[in-house]
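Enquirer: Next comes the structure file upload-v1.cif, holding mmCIF, C-alpha atoms.
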```
data_target
#
loop_
_atom_site.group_PDB
_atom_site.id
_atom_site.type_symbol
_atom_site.label_atom_id
_atom_site.label_comp_id
_atom_site.auth_asym_id
_atom_site.auth_seq_id
_atom_site.Cartn_x
_atom_site.Cartn_y
_atom_site.Cartn_z
ATOM 1 C CA MET A 1 158.344 -115.064 114.958
ATOM 2 C CA LYS A 2 161.114 -112.940 116.446
ATOM 3 C CA GLU A 3 158.674 -111.272 118.854
ATOM 4 C CA LEU A 4 157.223 -114.651 119.814
ATOM 5 C CA ARG A 5 160.690 -115.981 120.695
ATOM 6 C CA ILE A 6 161.337 -112.889 122.827
ATOM 7 C CA LEU A 7 158.002 -113.405 124.574
ATOM 8 C CA LEU A 8 158.825 -117.055 125.287
ATOM 9 C CA ILE A 9 162.229 -116.103 126.724
ATOM 10 C CA VAL A 10 160.631 -113.473 129.003
ATOM 11 C CA LEU A 11 157.994 -115.976 130.136
ATOM 12 C CA PHE A 12 160.642 -118.615 130.849
ATOM 13 C CA PHE A 13 162.718 -116.390 133.130
ATOM 14 C CA THR A 14 159.619 -114.929 134.801
ATOM 15 C CA LEU A 15 158.296 -118.386 135.661
ATOM 16 C CA LEU A 16 161.785 -119.524 136.736
ATOM 17 C CA VAL A 17 161.941 -116.699 139.278
ATOM 18 C CA TYR A 18 158.330 -117.199 140.401
ATOM 19 C CA TRP A 19 158.407 -120.988 140.833
ATOM 20 C CA GLY A 20 162.127 -121.577 141.343
ATOM 21 C CA VAL A 21 164.111 -118.726 142.880
ATOM 22 C CA GLU A 22 161.400 -117.176 145.098
ATOM 23 C CA PRO A 23 160.296 -120.458 146.787
ATOM 24 C CA PHE A 24 163.960 -121.395 147.306
ATOM 25 C CA ALA A 25 164.701 -118.038 148.963
ATOM 26 C CA HIS A 26 161.564 -118.379 151.086
ATOM 27 C CA SER A 27 162.628 -121.864 152.226
ATOM 28 C CA LYS A 28 165.966 -120.497 153.403
ATOM 29 C CA MET A 29 164.396 -117.587 155.287
ATOM 30 C CA HIS A 30 161.535 -119.569 156.850
ATOM 31 C CA LYS A 31 161.867 -123.094 158.138
ATOM 32 C CA HIS A 32 159.487 -125.647 156.682
ATOM 33 C CA VAL A 33 157.453 -127.738 159.097
ATOM 34 C CA GLU A 34 155.601 -130.822 157.882
ATOM 35 C CA ASP A 35 151.977 -130.818 158.918
ATOM 36 C CA GLU A 36 150.193 -133.920 160.258
ATOM 37 C CA ASN A 37 146.835 -133.042 158.714
ATOM 38 C CA PHE A 38 145.418 -132.658 162.238
ATOM 39 C CA ALA A 39 145.998 -136.338 163.077
ATOM 40 C CA TYR A 40 147.426 -135.675 166.601
ATOM 41 C CA LYS A 41 149.551 -138.812 166.491
ATOM 42 C CA ASP A 42 151.140 -137.997 169.867
ATOM 43 C CA LEU A 43 147.791 -138.528 171.614
ATOM 44 C CA PRO A 44 146.298 -141.960 172.367
ATOM 45 C CA THR A 45 143.327 -143.197 170.365
ATOM 46 C CA LEU A 46 140.026 -143.677 172.191
ATOM 47 C CA THR A 47 139.423 -147.409 172.477
ATOM 48 C CA GLN A 48 136.202 -147.388 174.527
ATOM 49 C CA LYS A 49 132.817 -146.543 173.065
ATOM 50 C CA GLY A 50 131.291 -143.664 175.000
ATOM 51 C CA ASP A 51 127.829 -143.638 176.519
ATOM 52 C CA VAL A 52 126.040 -140.302 176.029
ATOM 53 C CA ALA A 53 123.766 -140.570 179.079
ATOM 54 C CA ARG A 54 126.610 -141.421 181.454
ATOM 55 C CA GLY A 55 128.710 -138.705 179.826
ATOM 56 C CA LYS A 56 126.029 -136.104 180.480
ATOM 57 C CA ALA A 57 125.832 -137.098 184.135
ATOM 58 C CA LEU A 58 129.613 -136.771 184.459
ATOM 59 C CA VAL A 59 129.835 -133.426 182.650
ATOM 60 C CA MET A 60 127.031 -132.006 184.779
ATOM 61 C CA GLY A 61 128.210 -133.687 187.979
ATOM 62 C CA ALA A 62 131.475 -135.367 188.962
ATOM 63 C CA GLY A 63 133.371 -133.940 185.992
ATOM 64 C CA ALA A 64 132.632 -130.460 187.366
ATOM 65 C CA CYS A 65 132.717 -128.995 183.842
ATOM 66 C CA VAL A 66 129.807 -126.625 184.430
ATOM 67 C CA GLY A 67 131.602 -125.131 187.420
ATOM 68 C CA CYS A 68 133.677 -123.122 184.932
ATOM 69 C CA HIS A 69 132.119 -123.643 181.489
ATOM 70 C CA SER A 70 128.796 -122.695 180.001
ATOM 71 C CA ILE A 71 126.922 -125.176 177.787
ATOM 72 C CA LYS A 72 124.324 -123.091 176.003
ATOM 73 C CA ALA A 73 123.184 -126.099 173.957
ATOM 74 C CA ALA A 74 122.119 -127.755 177.220
ATOM 75 C CA GLY A 75 120.672 -124.582 178.751
ATOM 76 C CA MET A 76 123.613 -124.111 181.131
ATOM 77 C CA PRO A 77 124.710 -120.453 181.450
ATOM 78 C CA ALA A 78 128.231 -119.387 182.325
ATOM 79 C CA PRO A 79 128.831 -119.385 186.088
ATOM 80 C CA MET A 80 130.489 -115.959 185.843
ATOM 81 C CA ASP A 81 130.892 -113.114 183.350
ATOM 82 C CA PRO A 82 134.013 -113.031 181.083
ATOM 83 C CA ASN A 83 135.863 -110.437 183.159
ATOM 84 C CA THR A 84 135.313 -112.219 186.461
ATOM 85 C CA ALA A 85 136.393 -115.476 184.809
ATOM 86 C CA ALA A 86 139.525 -113.832 183.389
ATOM 87 C CA ALA A 87 140.346 -112.382 186.797
ATOM 88 C CA SER A 88 140.038 -115.895 188.273
ATOM 89 C CA TYR A 89 141.654 -118.022 185.553
ATOM 90 C CA GLY A 90 143.479 -115.584 183.264
ATOM 91 C CA VAL A 91 141.108 -116.274 180.362
ATOM 92 C CA ASN A 92 137.394 -116.921 179.995
ATOM 93 C CA PRO A 93 136.706 -120.689 179.723
ATOM 94 C CA PRO A 94 134.964 -121.609 176.436
ATOM 95 C CA ASP A 95 131.360 -122.600 175.987
ATOM 96 C CA LEU A 96 131.258 -126.369 175.435
ATOM 97 C CA SER A 97 128.282 -126.508 173.071
ATOM 98 C CA ASN A 98 130.264 -127.096 169.874
ATOM 99 C CA VAL A 99 133.623 -128.388 171.061
ATOM 100 C CA GLY A 100 132.593 -131.954 170.182
ATOM 101 C CA ALA A 101 132.323 -130.993 166.520
ATOM 102 C CA LEU A 102 135.226 -128.553 166.243
ATOM 103 C CA PHE A 103 137.896 -130.384 168.261
ATOM 104 C CA ASP A 104 139.438 -133.799 167.659
ATOM 105 C CA GLU A 105 138.084 -136.489 170.011
ATOM 106 C CA ARG A 106 141.569 -137.640 171.023
ATOM 107 C CA PHE A 107 142.458 -134.059 171.888
ATOM 108 C CA LEU A 108 139.270 -133.666 173.941
ATOM 109 C CA ALA A 109 139.944 -136.891 175.836
ATOM 110 C CA GLU A 110 143.515 -135.888 176.658
ATOM 111 C CA LEU A 111 142.366 -132.372 177.557
ATOM 112 C CA ILE A 112 140.074 -133.880 180.189
ATOM 113 C CA LYS A 113 142.737 -136.264 181.538
ATOM 114 C CA ASN A 114 145.868 -134.130 181.213
ATOM 115 C CA PRO A 115 145.219 -130.535 180.069
ATOM 116 C CA THR A 116 148.817 -129.326 179.883
ATOM 117 C CA LYS A 117 149.877 -132.288 177.722
ATOM 118 C CA ALA A 118 146.933 -131.884 175.346
ATOM 119 C CA LEU A 119 147.593 -128.158 175.023
ATOM 120 C CA ILE A 120 151.410 -128.598 174.891
ATOM 121 C CA LEU A 121 151.861 -126.179 177.777
ATOM 122 C CA GLU A 122 154.010 -128.316 180.077
ATOM 123 C CA HIS A 123 156.846 -125.803 179.643
ATOM 124 C CA LYS A 124 154.591 -123.038 181.025
ATOM 125 C CA PHE A 125 152.765 -124.988 183.743
ATOM 126 C CA ASP A 126 155.118 -127.465 185.397
ATOM 127 C CA GLY A 127 152.667 -128.496 188.119
ATOM 128 C CA LYS A 128 155.121 -127.427 190.836
ATOM 129 C CA THR A 129 155.535 -123.669 190.675
ATOM 130 C CA ARG A 130 152.800 -122.894 188.155
ATOM 131 C CA PHE A 131 149.507 -124.707 187.808
ATOM 132 C CA PHE A 132 147.158 -124.729 184.835
ATOM 133 C CA PRO A 133 143.735 -123.277 185.764
ATOM 134 C CA MET A 134 141.855 -126.339 184.504
ATOM 135 C CA PRO A 135 142.432 -129.339 186.786
ATOM 136 C CA ALA A 136 142.866 -132.845 185.395
ATOM 137 C CA PHE A 137 139.833 -135.128 185.729
ATOM 138 C CA ALA A 138 140.556 -137.470 188.623
ATOM 139 C CA GLY A 139 137.796 -139.923 187.796
ATOM 140 C CA ALA A 140 134.418 -140.648 189.363
ATOM 141 C CA GLY A 141 135.221 -144.022 190.915
ATOM 142 C CA GLY A 142 135.037 -146.248 187.860
ATOM 143 C CA ASP A 143 137.222 -146.881 184.802
ATOM 144 C CA LYS A 144 138.585 -143.392 184.150
ATOM 145 C CA ASP A 145 139.254 -144.010 180.453
ATOM 146 C CA GLN A 146 135.653 -145.157 180.010
ATOM 147 C CA GLU A 147 134.372 -142.146 181.903
ATOM 148 C CA VAL A 148 136.397 -139.824 179.679
ATOM 149 C CA ALA A 149 135.065 -141.594 176.561
ATOM 150 C CA ASP A 150 131.524 -141.096 177.926
ATOM 151 C CA MET A 151 132.129 -137.361 178.417
ATOM 152 C CA VAL A 152 133.550 -136.991 174.917
ATOM 153 C CA ALA A 153 130.544 -138.861 173.483
ATOM 154 C CA TYR A 154 128.174 -136.462 175.260
ATOM 155 C CA LEU A 155 130.040 -133.382 174.023
ATOM 156 C CA LYS A 156 129.892 -134.741 170.478
ATOM 157 C CA SER A 157 126.179 -135.496 170.792
ATOM 158 C CA ILE A 158 125.162 -131.924 171.709
ATOM 159 C CA ALA A 159 127.318 -130.186 169.088
ATOM 160 C CA SER A 160 125.513 -128.448 166.251
ATOM 161 C CA LYS A 161 125.577 -130.198 162.881
ATOM 162 C CA GLU A 162 125.990 -126.864 161.093
ATOM 163 C CA ILE A 163 128.637 -124.607 162.622
ATOM 164 C CA THR A 164 129.314 -121.329 160.860
ATOM 165 C CA PRO A 165 132.863 -120.014 160.318
ATOM 166 C CA LYS A 166 132.082 -117.184 162.735
ATOM 167 C CA GLU A 167 131.013 -119.634 165.454
ATOM 168 C CA ALA A 168 134.115 -121.747 164.832
ATOM 169 C CA TYR A 169 136.338 -118.690 165.248
ATOM 170 C CA THR A 170 134.673 -117.346 168.396
ATOM 171 C CA THR A 171 134.809 -120.773 170.073
ATOM 172 C CA SER A 172 138.353 -121.681 169.034
ATOM 173 C CA CYS A 173 140.192 -118.354 168.973
ATOM 174 C CA GLY A 174 137.932 -115.549 170.120
ATOM 175 C CA ARG A 175 138.609 -115.636 173.869
ATOM 176 C CA CYS A 176 142.244 -114.635 173.305
ATOM 177 C CA HIS A 177 142.325 -112.979 169.883
ATOM 178 C CA ALA A 178 140.368 -109.929 168.771
ATOM 179 C CA ASN A 179 139.393 -109.420 165.137
ATOM 180 C CA ARG A 180 139.072 -105.719 164.445
ATOM 181 C CA TYR A 181 137.704 -106.102 160.919
ATOM 182 C CA GLY A 182 135.093 -108.566 162.184
ATOM 183 C CA LYS A 183 134.121 -106.162 165.029
ATOM 184 C CA TRP A 184 135.028 -108.906 167.507
ATOM 185 C CA THR A 185 136.682 -108.420 170.891
ATOM 186 C CA GLN A 186 137.694 -111.085 173.391
ATOM 187 C CA ILE A 187 134.389 -110.611 175.222
ATOM 188 C CA GLY A 188 132.050 -110.321 172.227
ATOM 189 C CA PHE A 189 131.075 -108.177 169.261
ATOM 190 C CA VAL A 190 131.372 -104.387 169.511
ATOM 191 C CA PRO A 191 127.921 -102.826 170.059
ATOM 192 C CA LYS A 192 126.622 -100.738 167.157
ATOM 193 C CA THR A 193 125.715 -97.059 167.542
ATOM 194 C CA LYS A 194 123.186 -95.205 165.380
ATOM 195 C CA SER A 195 124.545 -91.653 165.333
ATOM 196 C CA ASN A 196 127.305 -89.300 166.404
ATOM 197 C CA ILE A 197 125.024 -87.665 168.974
ATOM 198 C CA VAL A 198 125.780 -88.645 172.551
ATOM 199 C CA THR A 199 123.181 -91.219 173.606
ATOM 200 C CA ASN A 200 122.798 -94.049 176.058
ATOM 201 C CA GLN A 201 124.236 -96.295 173.358
ATOM 202 C CA ASP A 202 127.489 -94.316 173.472
ATOM 203 C CA VAL A 203 127.605 -94.712 177.245
ATOM 204 C CA ASP A 204 127.047 -98.445 176.817
ATOM 205 C CA LEU A 205 129.806 -98.557 174.196
ATOM 206 C CA LEU A 206 132.208 -96.783 176.585
ATOM 207 C CA LYS A 207 131.354 -99.272 179.338
ATOM 208 C CA PHE A 208 131.901 -102.132 176.901
ATOM 209 C CA LYS A 209 135.319 -100.797 175.867
ATOM 210 C CA THR A 210 136.259 -100.449 179.542
ATOM 211 C CA LYS A 211 135.356 -104.101 180.108
ATOM 212 C CA VAL A 212 137.403 -105.107 177.064
ATOM 213 C CA GLY A 213 140.414 -103.246 178.463
ATOM 214 C CA GLU A 214 140.032 -104.953 181.842
ATOM 215 C CA TYR A 215 139.734 -108.369 180.222
ATOM 216 C CA GLN A 216 142.791 -107.749 178.047
ATOM 217 C CA ALA A 217 144.822 -106.758 181.100
ATOM 218 C CA HIS A 218 144.029 -110.089 182.790
ATOM 219 C CA LEU A 219 144.718 -111.967 179.550
ATOM 220 C CA ALA A 220 148.077 -110.239 178.978
ATOM 221 C CA LYS A 221 149.172 -111.118 182.512
ATOM 222 C CA TYR A 222 148.154 -114.744 182.015
ATOM 223 C CA MET A 223 149.739 -115.153 178.554
ATOM 224 C CA GLY A 224 152.807 -112.983 179.096
ATOM 225 C CA LYS A 225 151.585 -110.435 176.546
ATOM 226 C CA LEU A 226 148.343 -109.648 174.769
ATOM 227 C CA PRO A 227 147.736 -112.116 171.898
ATOM 228 C CA PRO A 228 147.686 -110.388 168.483
ATOM 229 C CA ASP A 229 144.628 -109.192 166.625
ATOM 230 C CA LEU A 230 143.929 -111.687 163.820
ATOM 231 C CA SER A 231 142.265 -109.277 161.371
ATOM 232 C CA ILE A 232 144.888 -109.664 158.639
ATOM 233 C CA MET A 233 146.725 -112.763 159.853
ATOM 234 C CA ILE A 234 145.426 -114.765 156.883
ATOM 235 C CA ARG A 235 147.275 -112.326 154.598
ATOM 236 C CA ALA A 236 150.366 -111.887 156.761
ATOM 237 C CA ARG A 237 151.189 -115.605 157.114
ATOM 238 C CA SER A 238 151.470 -118.438 154.623
ATOM 239 C CA GLU A 239 148.984 -121.301 154.537
ATOM 240 C CA ASP A 240 151.744 -123.699 155.636
ATOM 241 C CA PHE A 241 152.572 -121.532 158.659
ATOM 242 C CA MET A 242 148.927 -121.112 159.654
ATOM 243 C CA LYS A 243 148.202 -124.829 159.459
ATOM 244 C CA THR A 244 151.275 -126.054 161.318
ATOM 245 C CA PHE A 245 151.126 -123.274 163.926
ATOM 246 C CA ILE A 246 147.518 -124.095 164.821
ATOM 247 C CA GLU A 247 148.320 -127.830 164.845
ATOM 248 C CA ASP A 248 151.296 -127.321 167.146
ATOM 249 C CA PRO A 249 152.367 -123.746 168.040
ATOM 250 C CA GLN A 250 155.694 -125.027 169.398
ATOM 251 C CA SER A 251 156.702 -126.284 165.939
ATOM 252 C CA GLN A 252 156.924 -122.727 164.644
ATOM 253 C CA LEU A 253 157.512 -120.691 167.796
ATOM 254 C CA LYS A 254 159.307 -122.616 170.518
ATOM 255 C CA GLY A 255 158.323 -121.556 174.005
ATOM 256 C CA THR A 256 155.183 -119.687 172.968
ATOM 257 C CA ALA A 257 152.389 -119.456 175.517
ATOM 258 C CA MET A 258 149.770 -120.183 172.867
ATOM 259 C CA PRO A 259 148.201 -123.599 173.484
ATOM 260 C CA ARG A 260 147.512 -126.259 170.895
ATOM 261 C CA VAL A 261 143.936 -125.658 169.787
ATOM 262 C CA GLY A 262 143.029 -129.248 168.890
ATOM 263 C CA LEU A 263 140.893 -128.452 165.854
ATOM 264 C CA THR A 264 139.843 -131.104 163.381
ATOM 265 C CA LYS A 265 140.684 -130.448 159.731
ATOM 266 C CA GLU A 266 137.096 -129.328 159.130
ATOM 267 C CA GLY A 267 137.236 -127.043 162.173
ATOM 268 C CA TYR A 268 140.478 -125.499 160.911
ATOM 269 C CA GLU A 269 138.925 -124.863 157.498
ATOM 270 C CA LYS A 270 135.979 -123.078 159.115
ATOM 271 C CA VAL A 271 138.284 -120.868 161.191
ATOM 272 C CA THR A 272 140.402 -119.929 158.162
ATOM 273 C CA ALA A 273 137.217 -119.291 156.163
ATOM 274 C CA TYR A 274 136.214 -116.690 158.760
ATOM 275 C CA LEU A 275 139.695 -115.160 158.734
ATOM 276 C CA GLU A 276 139.488 -114.857 154.954
ATOM 277 C CA GLU A 277 135.979 -113.416 155.191
ATOM 278 C CA THR A 278 137.085 -110.674 157.586
ATOM 279 C CA GLY A 279 140.725 -110.175 156.576
ATOM 280 C CA ASP A 280 140.476 -110.546 152.814
ATOM 281 C CA PRO A 281 136.824 -110.033 151.827
ATOM 282 C CA SER A 282 137.713 -108.908 148.294
ATOM 283 C CA LYS A 283 139.534 -112.173 147.462
ATOM 284 C CA PRO A 284 136.677 -113.819 145.464
ATOM 285 C CA ALA A 285 136.113 -110.661 143.403
ATOM 286 C CA ARG A 286 139.870 -110.190 142.936
ATOM 287 C CA GLU A 287 140.377 -113.758 141.743
ATOM 288 C CA SER A 288 137.402 -113.475 139.394
ATOM 289 C CA LEU A 289 138.758 -110.224 137.956
ATOM 290 C CA GLY A 290 142.232 -111.740 137.620
ATOM 291 C CA ILE A 291 140.964 -114.413 135.222
ATOM 292 C CA LYS A 292 139.263 -111.733 133.110
ATOM 293 C CA VAL A 293 142.437 -109.614 133.029
ATOM 294 C CA ILE A 294 144.560 -112.579 131.920
ATOM 295 C CA GLY A 295 141.976 -113.373 129.230
ATOM 296 C CA PHE A 296 142.094 -109.757 128.057
ATOM 297 C CA PHE A 297 145.896 -109.803 127.735
ATOM 298 C CA VAL A 298 145.829 -113.093 125.823
ATOM 299 C CA ILE A 299 143.284 -111.740 123.341
ATOM 300 C CA PHE A 300 145.111 -108.402 123.131
ATOM 301 C CA THR A 301 148.419 -110.169 122.422
ATOM 302 C CA LEU A 302 146.887 -112.251 119.627
ATOM 303 C CA LEU A 303 145.239 -109.210 118.047
ATOM 304 C CA ALA A 304 148.479 -107.211 118.313
ATOM 305 C CA LEU A 305 150.411 -110.052 116.648
ATOM 306 C CA LEU A 306 147.883 -110.316 113.795
ATOM 307 C CA TRP A 307 147.909 -106.537 113.343
ATOM 308 C CA LYS A 308 151.720 -106.472 113.224
ATOM 309 C CA ARG A 309 151.778 -109.218 110.601
ATOM 310 C CA SER A 310 149.236 -107.407 108.430
ATOM 311 C CA LEU A 311 151.302 -104.195 108.521
ATOM 312 C CA TRP A 312 154.644 -105.854 107.810
ATOM 313 C CA ARG A 313 153.445 -108.498 105.358
ATOM 314 C CA ASP A 314 154.544 -106.569 102.257
ATOM 315 C CA LEU A 315 157.881 -105.428 103.778
ATOM 316 C CA HIS A 316 159.418 -108.843 104.497
#
```
Please rewrite the model in this file as structure tokens.

Expert:
Amino acid sequence: MKELRILLIVLFFTLLVYWGVEPFAHSKMHKHVEDENFAYKDLPTLTQKGDVARGKALVMGAGACVGCHSIKAAGMPAPMDPNTAAASYGVNPPDLSNVGALFDERFLAELIKNPTKALILEHKFDGKTRFFPMPAFAGAGGDKDQEVADMVAYLKSIASKEITPKEAYTTSCGRCHANRYGKWTQIGFVPKTKSNIVTNQDVDLLKFKTKVGEYQAHLAKYMGKLPPDLSIMIRARSEDFMKTFIEDPQSQLKGTAMPRVGLTKEGYEKVTAYLEETGDPSKPARESLGIKVIGFFVIFTLLALLWKRSLWRDLH
């Protein structure tokens, strides 16, 4: 029983440090920000019911969306390549095929009406000395709120019902953030080569890397500095930080040039799933092994206790 009491004392102080002292120290070193569960309460709720057909006409016409954005789901290619777009706007505008599924509808509506407010970039683009590349939708002659609701309805209607974590990441984050472990650059995946012998593939790879460098130069100028590679971000930051930073970057880093992304909760979960897949691929195996190791120590402790009792039975 003496050994059992010692074990209980050790367990008590270990758990006290793990669940008491360490979280307290962390709370003092890192401010806690309450998340809103991707509710976007600062943005107005859509009150009008959108019409898909009218929305399509606006997106393809008066809304001028396809002047900058591709919509692969509707067979609309990008009007320019990523580097030319970055040279013009600072960053390559996203494809709109899946934004209706990944982004909150209130965020999309506000993004169309007032981009800098939706993105929380009014401190960076004041509309006087610096202008955001995407202009606000001025309306097509009717009720502007209804027209915006129609455009949002159309974007939701063309979005895929099954979006993979990789697709969620490339749409939401991939135009600014590389992912080295996922072989992703801001302009696409790194081409594969078959051998170490110099071939046309190596020449193509060199050309690709040159384009990546050019794109990153435009992006760094636009953002103020090159956004970080997200390969191990899922391991470097806490879940609370990741969630609140993506919800509202200003809540964790005041003055940052990173825009609010506008993801729904499901969209956020898909993005983090991809970050875990690329940044911590051994997590499932590690967690599975951890349970087995704990089970081994429990069984080993019981056997050691029974063995000790059998040896000392006649001496007490």

Enquirer: For this file, the PyMOL selection byres ((chain A and resi 101) around 8) selects which residues, as number ranges by chain?

Expert: A: 98-100, 102-104, 156, 159-161, 267

Enquirer: Starting from the shown file, work through the PyMOL selection byres ((chain A and resi 138) around 10) and note down what comes out as number ranges by chain.

Expert: A: 62-63, 112-114, 135-137, 139-141, 144

Enquirer: Just say which residues the PyMOL selection byres ((chain A and resi 154) around 9) picks in this file, as a PyMOL selection string.

Expert: chain A and resi 50-56+59+100+149-153+155-159

Enquirer: Can you work out which one of A:Met223, A:Cys176, A:Ala118, A:Leu205 has the shortest atom-to-atom distance to Asp42 of chain A, counting all atoms listed in the file?

Expert: A:Ala118

Enquirer: Grab the atom CA of Phe300 of chain A to atom CA of Glu3 of chain A distance for me, in Å with one decimal place.

Expert: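 Calculated distance between atom CA of Phe300 of chain A and atom CA of Glu3 of chain A is 14.5 Å.
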
Enquirer: Find the spatial neighbours of Arg180 of chain A, counting all atoms listed in the file, within a cut-off of 10 Å - ignore same-chain residues fewer than 6 positions away - and output them as a PyMOL selection string.

Expert: chain A and resi 189-190+229-232+278-279

Enquirer: Can you tell me how far atom CA of Arg286 of chain A sits from atom CA of Asn179 of chain A, in Å to one decimal?

Expert: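 So the two atoms, atom CA of Arg286 of chain A and atom CA of Asn179 of chain A, lie 22.2 Å apart.
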
Enquirer: Counting all atoms listed in the file, which residues of segment 98-185 of chain A fall within 10 Å of segment 212-222 of chain A, and what is the closest atom pair for each with its distance in Å at one decimal, ordered by chain and rising number, as a tab-separated table?

Expert:
```
residue	atom	partner	partner_atom	distance
A:Arg175	CA	A:Leu219	CA	9.1
A:Cys176	CA	A:Leu219	CA	7.2
A:His177	CA	A:Gln216	CA	9.7
A:Ala178	CA	A:Gln216	CA	9.8
A:Thr185	CA	A:Val212	CA	7.0
```

Enquirer: Which residue out of A:Met134, A:Ile120, A:Ala39, A:Ile187 has the minimum interatomic distance to Cys68 of chain A when all atoms listed in the file are used?

Expert: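 Of the candidates, the smallest distance to Cys68 of chain A is held by A:Met134.
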
Enquirer: Can you pull out the residues contacting Asp126 of chain A? Cut-off 12 Å, using all atoms listed in the file, and skip same-chain residues under 4 positions away; I want them as an NGL selection string.

Expert: :A and (115-117 or 120-122 or 130-132)

Enquirer: As an exercise, work out the distance from atom CA of Ser97 of chain A to atom CA of Met258 of chain A in Å and give it to one decimal place.

Expert: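 If I compute the distance from atom CA of Ser97 of chain A to atom CA of Met258 of chain A, I get 22.4 Å.
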
Enquirer: Determine the nearest neighbour of Pro93 of chain A from the options A:Lys41, A:Lys128, A:His69, A:Lys211, counting all atoms listed in the file.

Expert: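 Checking each candidate against Pro93 of chain A, we get A:His69 as the closest.
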
Enquirer: Determine, counting all atoms listed in the file, which protein, DNA and RNA residues have an atom within 9 Å of an atom of Gly262 of chain A; residues of the same chain fewer than 4 positions away are not included. Present the result as a ChimeraX atom specification.

Expert: /A:38,40,102-108,118-119,172,246-248

Enquirer: So that I can check the surroundings of Glu277 of chain A, please list as a list in words every protein, DNA and RNA residue that reaches within 12 Å of it, counting all atoms listed in the file and ignoring chain neighbours fewer than 2 positions away.

Expert: Thr164, Pro165, Lys166, Tyr169, Asn179, Tyr181, Gly182, Leu230, Ser231, Ile232, Met233, Ile234, Arg235, Lys270, Val271, Thr272, Ala273, Tyr274, Leu275, Gly279, Asp280, Pro281, Ser282, Lys283 and Pro284 of chain A

Enquirer: A:Lys124, A:Thr170, A:Glu110, A:Phe12: which is nearest Pro94 of chain A, counting only C-alpha atoms?

Expert: A:Thr170

Enquirer: As JSON, what would the box around segment 169-176 of chain A look like: edges along x, y and z, 3 Å added on every side, centre and edge lengths in Å to one decimal?

Expert:
```
{"center_x": 138.5, "center_y": -118.2, "center_z": 169.6, "size_x": 13.6, "size_y": 13.0, "size_z": 14.6}
```

Enquirer: A:Leu16, A:Ala257, A:Val298, A:Leu43: which is nearest Ala109 of chain A, counting only C-alpha atoms?

Expert: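 With only C-alpha atoms as the atom set, the closest residue is A:Leu43.
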
Enquirer: Under the rule that all atoms listed in the file are counted, which of A:Ala73, A:Lys292, A:Asp35, A:Leu7 is the nearest residue to Met242 of chain A?

Expert: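 Closest to Met242 of chain A, using all atoms listed in the file: A:Asp35.
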